[in-house]
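Novice: One structure, as structure tokens, below. Some questions next.
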Amino acid sequence: AQSVTQPDIHITVSEGASLELRCNYSYGATPYLFWYVQSPGQGLQLLLKYFSGDTLVQGIKGFEAEFKRSQSSFNLRKPSVHWSDAAEYFCAVGPLEYGNKLVFGAGTILRVKS
Amino acid sequence: EPEVTQTPSHQVTQMGQEVILRCVPISNHLYFYWYRQILGQKVEFLVSFYNNEISEKSEIFDDQFSVERPDGSNFTLKIRSTKLEDSAMYFCASSELEATGELFFGEGSRLTVL
């Protein structure tokens, strides 16, 4: 069965510092991978996705993620965090042939200190 | 920018009561979904809907749940007889195509069952 693990429940970084949020997945074939962000009182917003091709994908708001098949990872990175990035981040995996039935990780809450 | 809207944002109900959560997907989208997140747990897939019928449902989506697209704009989730464990945030999502992973989520409806 597919699963997604986000090992960090909370992360606190200083504004301007770099960020890496970890995501590991378990899936039998090449997965489709996603990062979503949820700001307080908001819905889930797609940051970026990986389907195939270049393993480094760029997303919105200056985020990027790298797919590493050998490590079954899809970590999210940002070189310089802004206070507005404080939110909860969800990694998800999906076998899209089954109609967008995404499996989500538990989420990582990012706090940004000034 | 088009968005998915959900009502109500928060509903409190007594155990055993029927609840209807409403969603207005993005107008040109064809695929509709409900996900839920119990407090402190992962976002979980409930059901997907296309062409006026359920295309896939999870084991959570038992006979107490139903979905409907009563007109050209609304997509509803009904829980016939709520249980305490139905308390959760329910997210509606829609997508234009099935195999893109580009789900657009609403802000969620928080259901509290007393």
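Just remember, in the structure tokens the first chain shown is A, the second B, etc., residues are 1-based per chain, and ligands are 1-based in the order shown.
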Find the residues in chain A near chain B: any atom within 12 Å counts, using only C-alpha atoms. Write them as a count of residues only.
Specialist: 49
Novice: Going by DSSP on the backbone, which bits of range 60-101 of chain A are helix (DSSP H, G or I)? Write them as a list in words, please.
Specialist: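 The helix (DSSP H, G or I) subset of range 60-101 of chain A is Ile60, Lys61, Gly62, Arg69, Ser70, Gln71, Trp83, Ser84, Asp85, Leu96, Glu97 and Tyr98 of chain A.
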Novice: Find the residues near Ala65 in chain A: any atom within 9 Å, counting only C-alpha atoms, skip ones fewer than 2 places away on the same chain, and give them as a list in words.
Specialist: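 Once the nearby chain positions are removed, what remains is Trp35, Leu48, Lys49, Tyr50, Thr55, Leu56, Val57, Gln58, Gly59, Phe63, Phe67, Phe74, Asn75, Leu76, Arg77 and Lys78 of chain A.
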Novice: Only all heavy atoms, please: the residues just picked out, written as a short mmCIF file (atom, residue, chain, number, x, y, z; two decimals), in the first residue's frame.
Specialist:
```cif
data_model
loop_
_atom_site.label_atom_id
_atom_site.label_comp_id
_atom_site.auth_asym_id
_atom_site.auth_seq_id
_atom_site.Cartn_x
_atom_site.Cartn_y
_atom_site.Cartn_z
N TRP A 35 3.46 18.54 -3.42
CA TRP A 35 3.50 19.28 -2.17
C TRP A 35 2.36 20.30 -2.18
O TRP A 35 2.19 21.05 -3.14
CB TRP A 35 4.82 20.03 -2.00
CG TRP A 35 5.92 19.19 -1.42
CD1 TRP A 35 6.92 18.56 -2.09
CD2 TRP A 35 6.14 18.91 -0.04
NE1 TRP A 35 7.74 17.89 -1.22
CE2 TRP A 35 7.29 18.10 0.05
CE3 TRP A 35 5.49 19.27 1.14
CZ2 TRP A 35 7.80 17.63 1.27
CZ3 TRP A 35 5.99 18.82 2.36
CH2 TRP A 35 7.13 18.01 2.42
N LEU A 48 3.78 22.41 -5.94
CA LEU A 48 4.50 21.85 -7.07
C LEU A 48 4.16 20.37 -7.19
O LEU A 48 3.58 19.78 -6.27
CB LEU A 48 6.01 22.05 -6.95
CG LEU A 48 6.68 21.71 -5.62
CD1 LEU A 48 6.87 20.24 -5.40
CD2 LEU A 48 8.04 22.43 -5.52
N LYS A 49 4.54 19.80 -8.33
CA LYS A 49 4.25 18.39 -8.56
C LYS A 49 5.35 17.79 -9.42
O LYS A 49 6.02 18.48 -10.19
CB LYS A 49 2.90 18.23 -9.25
CG LYS A 49 2.82 18.92 -10.61
CD LYS A 49 1.40 18.88 -11.16
CE LYS A 49 1.34 19.61 -12.51
NZ LYS A 49 -0.05 19.69 -13.03
N TYR A 50 5.54 16.49 -9.27
CA TYR A 50 6.47 15.75 -10.10
C TYR A 50 5.74 14.60 -10.76
O TYR A 50 5.11 13.77 -10.09
CB TYR A 50 7.64 15.20 -9.25
CG TYR A 50 8.52 14.27 -10.04
CD1 TYR A 50 9.43 14.76 -10.97
CD2 TYR A 50 8.40 12.88 -9.90
CE1 TYR A 50 10.22 13.90 -11.71
CE2 TYR A 50 9.17 12.02 -10.65
CZ TYR A 50 10.07 12.54 -11.56
OH TYR A 50 10.84 11.69 -12.31
N THR A 55 14.27 15.75 -12.34
CA THR A 55 13.95 15.39 -10.95
C THR A 55 13.90 16.60 -10.03
O THR A 55 13.48 16.48 -8.89
CB THR A 55 14.97 14.38 -10.41
OG1 THR A 55 16.28 14.92 -10.55
CG2 THR A 55 14.87 13.07 -11.19
N LEU A 56 14.35 17.73 -10.49
CA LEU A 56 14.26 18.96 -9.70
C LEU A 56 13.13 19.79 -10.29
O LEU A 56 13.18 20.19 -11.45
CB LEU A 56 15.58 19.73 -9.74
CG LEU A 56 15.64 21.00 -8.89
CD1 LEU A 56 15.52 20.65 -7.41
CD2 LEU A 56 16.94 21.75 -9.16
N VAL A 57 12.10 19.99 -9.50
CA VAL A 57 10.93 20.72 -10.00
C VAL A 57 10.79 22.04 -9.26
O VAL A 57 11.04 22.12 -8.06
CB VAL A 57 9.64 19.89 -9.86
CG1 VAL A 57 9.68 18.71 -10.80
CG2 VAL A 57 9.40 19.43 -8.44
N GLN A 58 10.37 23.02 -10.00
CA GLN A 58 10.17 24.35 -9.44
C GLN A 58 8.69 24.56 -9.20
O GLN A 58 7.83 24.10 -9.97
CB GLN A 58 10.69 25.41 -10.39
CG GLN A 58 12.16 25.27 -10.76
CD GLN A 58 13.08 25.43 -9.55
OE1 GLN A 58 12.86 26.28 -8.70
NE2 GLN A 58 14.11 24.57 -9.46
N GLY A 59 8.39 25.25 -8.14
CA GLY A 59 7.00 25.53 -7.83
C GLY A 59 6.75 27.00 -7.62
O GLY A 59 7.58 27.84 -7.95
N PHE A 63 9.55 27.89 -4.08
CA PHE A 63 9.83 26.54 -3.60
C PHE A 63 10.30 25.64 -4.73
O PHE A 63 9.94 25.83 -5.89
CB PHE A 63 8.58 25.93 -2.97
CG PHE A 63 8.25 26.47 -1.61
CD1 PHE A 63 7.40 27.56 -1.47
CD2 PHE A 63 8.81 25.92 -0.47
CE1 PHE A 63 7.11 28.08 -0.22
CE2 PHE A 63 8.52 26.42 0.79
CZ PHE A 63 7.66 27.50 0.91
N PHE A 67 13.15 14.99 -6.55
CA PHE A 67 12.77 13.59 -6.49
C PHE A 67 14.04 12.73 -6.52
O PHE A 67 14.84 12.84 -7.45
CB PHE A 67 11.87 13.24 -7.68
CG PHE A 67 11.61 11.77 -7.87
CD1 PHE A 67 11.03 11.03 -6.86
CD2 PHE A 67 11.92 11.14 -9.07
CE1 PHE A 67 10.77 9.68 -7.03
CE2 PHE A 67 11.67 9.79 -9.26
CZ PHE A 67 11.09 9.05 -8.23
N PHE A 74 11.18 13.04 -1.63
CA PHE A 74 10.73 14.19 -2.43
C PHE A 74 10.72 15.37 -1.48
O PHE A 74 9.69 15.87 -1.04
CB PHE A 74 9.34 13.91 -3.02
CG PHE A 74 8.87 14.94 -4.01
CD1 PHE A 74 9.60 15.23 -5.15
CD2 PHE A 74 7.66 15.61 -3.83
CE1 PHE A 74 9.17 16.16 -6.08
CE2 PHE A 74 7.21 16.54 -4.75
CZ PHE A 74 7.96 16.81 -5.87
N ASN A 75 11.91 15.86 -1.15
CA ASN A 75 12.05 16.92 -0.15
C ASN A 75 11.79 18.29 -0.76
O ASN A 75 12.20 18.58 -1.88
CB ASN A 75 13.44 16.88 0.47
CG ASN A 75 13.66 15.61 1.29
OD1 ASN A 75 12.72 14.88 1.59
ND2 ASN A 75 14.91 15.35 1.65
N LEU A 76 11.16 19.11 0.02
CA LEU A 76 10.81 20.47 -0.40
C LEU A 76 11.86 21.43 0.15
O LEU A 76 12.23 21.34 1.32
CB LEU A 76 9.43 20.83 0.15
CG LEU A 76 8.87 22.21 -0.22
CD1 LEU A 76 8.48 22.25 -1.69
CD2 LEU A 76 7.65 22.54 0.65
N ARG A 77 12.27 22.38 -0.69
CA ARG A 77 13.31 23.32 -0.25
C ARG A 77 12.93 24.74 -0.65
O ARG A 77 12.18 24.97 -1.60
CB ARG A 77 14.65 22.96 -0.90
CG ARG A 77 15.16 21.57 -0.56
CD ARG A 77 16.61 21.42 -0.93
NE ARG A 77 16.83 21.50 -2.36
CZ ARG A 77 17.22 20.49 -3.11
NH1 ARG A 77 17.42 19.30 -2.56
NH2 ARG A 77 17.44 20.65 -4.40
N LYS A 78 13.49 25.65 0.12
CA LYS A 78 13.41 27.07 -0.22
C LYS A 78 14.68 27.73 0.30
O LYS A 78 15.03 27.54 1.47
CB LYS A 78 12.16 27.72 0.37
CG LYS A 78 11.96 29.16 -0.11
CD LYS A 78 10.60 29.72 0.27
CE LYS A 78 10.42 31.10 -0.33
NZ LYS A 78 9.08 31.69 -0.05
#
```
Novice: If you run DSSP on the backbone here, which positions in chain A get strand (DSSP E or B)? Please write them as a PyMOL selection string.
Specialist: chain A and resi 3-5+10-14+19-21+24-26+32-38+44-50+56-58+64-68+73-78+87-94+103-104+108-113
